[in-house]
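S.K.: What follows is a single structure, and I will ask about it in a moment.
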Amino acid sequence: MDQRRGYDLCVVGAGSAGYAAATTARSLGRSVIIAESRAPLGGLCILRGCMPSKTLLSSAEVAHVVDRAGEYGIIAGPARVDFPALMARKRRIITEFADYRVDGIETFPLVRGDVKFAGPQTLTVDGEDIGAARFVIATGSITNIPAIPGLVAAGYVTSDEVLEFDRLPESVVVLGGGPIACELAQYLRRLGCRVTMLQRSRTLLSREDGDIGATLRNALESEGVHVVTGTALQSAEVTKSGKRIWYEADGRRESAEGGEIFVALGRRPNTDDLGLDVAKVEYESGGIKVDAHLRTSNPLIYAAGDVVFDSTQLVHVAVNEGQTAARNALADEGLTIDYDTYGARAVFTDPQVAVAGLTEAECTRRGIAFVSASFPFDDLGKAIAIGATKGFIKMLAAPDGTILGVGIIGPEASDLIHEAIALLHFKANVRDVMEMPHLHPTLAEIFTYPAETLCERLEHERHVLVRP
Ligand SMILES: Cc1cc2nc3c(=O)[nH]c(=O)nc-3n(C[C@H](O)[C@H](O)[C@H](O)COP(=O)(O)OP(=O)(O)OC[C@H]3O[C@@H](n4cnc5c(N)ncnc54)[C@H](O)[C@@H]3O)c2cc1C
């Protein structure tokens, strides 16, 4: 028998979700084969996403700290950027991550080429059939390029190219104001680039409550990023000195010019050319439709990661979905994911942004009663001591004191948010936060302040704080 036939599971795509699905299948003692395109192996996170971006952001942060050294009584700076060395560091680190992951992927049977479904239970790679009892589609996402007249002719870059620049442009116009746009805009600015951001919504990070986006805007503007919100992009053109984007804002036609146009308007699920119609897998431009068990409209086929309809596009979610899809596909475990907890997210700007559980907007949308309290980092001893006072924490609780959500914009928010994730996971009450020790002086102490306010307020209003 052809060795490629008769697998328990075939995973399509070996990124974070696909690799997690494959390793889970193997841990269940089942046979698994991976079908991949001809693109470099390793997945978005390692090759062109989280890891290269965070590696570069860390270089920009060092430059920023050196520039601020005088504030701490240290003579250094101004920082000078050795861009080739900065990129060489990123390449070295990413090569190590990628090599390690490729070694892991290559422990599985792997077929590479033009991957397509030829029927509801048959996948072909370069025309050759791969028979498997179940499939997990994990083909990720691709950059969303809007149809702006003149954009293609003018030329543009995406995050892929920004992470690979071989020289730093003097100026960049960033289209978008989501996490990737904000992170890379600050990175470019801190290395000395002039940056203009054009955001369609009224605030940056429009998925989060407006106070977070407004605080981040202030922080970016204080470093010299020019932020324009409420824009409608109209057209692009080449000028003598660079590229120009025309847009409308507050009823006026305006333009922004830069050496490069960086399109950071999100990513769309990668469903192209997979033969999903012949596989009887329902999908639309928002991605592959799945039920709560990540099963598609074809009961033999599951989907995980960025390719899923309306996905959160986060690595920890992709990994969990890959594991969950494999378990459900192979062992029929009927597992589901609590996206309210799992949808916790971070943006690695400075100050960082991190949110766990529900936002105020989401509570309002769902009709959930809540009270909220916030506390600024510029009143917190540790933040003052380390000179990182921008931002605040906001805690949301139900009238019985159960914590519903936490939003943080401030130093180390991406790590601090794990206390919130634990509180939400254990369905904790604001009084629990008061009873837990918080060491002094730490950034984590900031949790106690909104919790105290909420305790006092809810007790004053004679609500009974439930015990978990
Ligand atoms: C600049 C940037 C920064 C980011 N930063 C963060 C961050 O800090 N934190 C975070 O949580 N997330 C971050 N993300 C998002 C994160 O990288 C993705 O959510 C995650 O990597 C998605 O994993 P995936 O397995 O769904 O897709 P991918 O990792 O993209 O894997 C898809 C795989 O499918 C393969 N494939 C594609 N088409 C086919 C085909 N037709 N046939 C077979 N195989 C195919 C690809 O080659 C790839 O190996 C970032 C993204 C970007 C772009």
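Chain labels run A, B, ... following the order of the structure tokens; each chain numbers its residues from 1, and ligands are numbered from 1 in the order shown.
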Show me which residues sit within 6 Å of ligand 1 when counting only C-alpha atoms and all ligand atoms, and put them as a ChimeraX atom specification.
M.R.: /A:12-18,35-37,39,41-45,48-50,53,115,138-141,159,180,274,305-307,313-316,318
S.K.: If you count only C-alpha atoms, which residues fall within 12 Å of Ala147 (chain A), apart from same-chain ones fewer than 5 positions away, as a list in words?
M.R.: Val152, Ala153, Leu233, Gln234, Ser235, Ala236, Val263 and Leu265 of chain A
S.K.: Please produce an output containing N, CA and C atoms for each residue in the selection, written as a compact mmCIF listing (two decimals), in the first residue's frame.
M.R.:
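Just written: part_17.txt:
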```
# COMPACT_ATOMS: atom_id res chain seq x y z
N VAL A 152 -1.26 49.97 -6.08
CA VAL A 152 -0.37 48.97 -6.67
C VAL A 152 0.69 49.64 -7.52
N ALA A 153 0.26 50.65 -8.29
CA ALA A 153 1.23 51.35 -9.16
C ALA A 153 2.26 52.11 -8.31
N LEU A 233 -9.47 56.36 3.21
CA LEU A 233 -8.39 56.39 2.21
C LEU A 233 -8.99 56.52 0.82
N GLN A 234 -8.35 57.36 -0.01
CA GLN A 234 -8.93 57.61 -1.34
C GLN A 234 -8.07 57.12 -2.48
N SER A 235 -6.80 57.50 -2.49
CA SER A 235 -5.95 57.10 -3.62
C SER A 235 -4.48 57.24 -3.23
N ALA A 236 -3.65 56.63 -4.06
CA ALA A 236 -2.20 56.72 -3.83
C ALA A 236 -1.53 57.16 -5.12
N VAL A 263 1.19 49.03 4.32
CA VAL A 263 -0.22 48.62 4.44
C VAL A 263 -0.34 47.66 5.62
N LEU A 265 -3.48 46.81 7.24
CA LEU A 265 -4.94 46.85 7.39
C LEU A 265 -5.51 45.46 7.67
```
S.K.: Determine, for each residue of region 125-185 of chain A having at least one atom at most 12 Å from an atom of region 335-357 of chain A, the closest pair of atoms and their separation in Å to one decimal, counting only C-alpha atoms; order by chain and ascending number, as a tab-separated table.
M.R.:
```
residue	atom	partner	partner_atom	distance
A:Gly177	CA	A:Val347	CA	11.6
A:Gly178	CA	A:Val347	CA	9.0
A:Pro179	CA	A:Val347	CA	5.6
A:Ile180	CA	A:Val347	CA	8.0
A:Ala181	CA	A:Thr349	CA	10.0
A:Cys182	CA	A:Thr349	CA	6.8
A:Glu183	CA	A:Thr349	CA	5.0
A:Leu184	CA	A:Thr349	CA	8.4
A:Ala185	CA	A:Thr349	CA	9.2
```
S.K.: So, counting only C-alpha atoms, which residue among A:His460, A:Lys280, A:Asp67, A:Phe392 is closest to Gly213 (chain A)?
M.R.: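 With only C-alpha atoms as the atom set, the closest residue is A:Phe392.
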S.K.: With only C-alpha atoms as the basis for distance, which of A:Met197, A:Ala98, A:Ile137, A:Leu424 is at the shortest distance from Ile288 (chain A)?
M.R.: A:Ile137
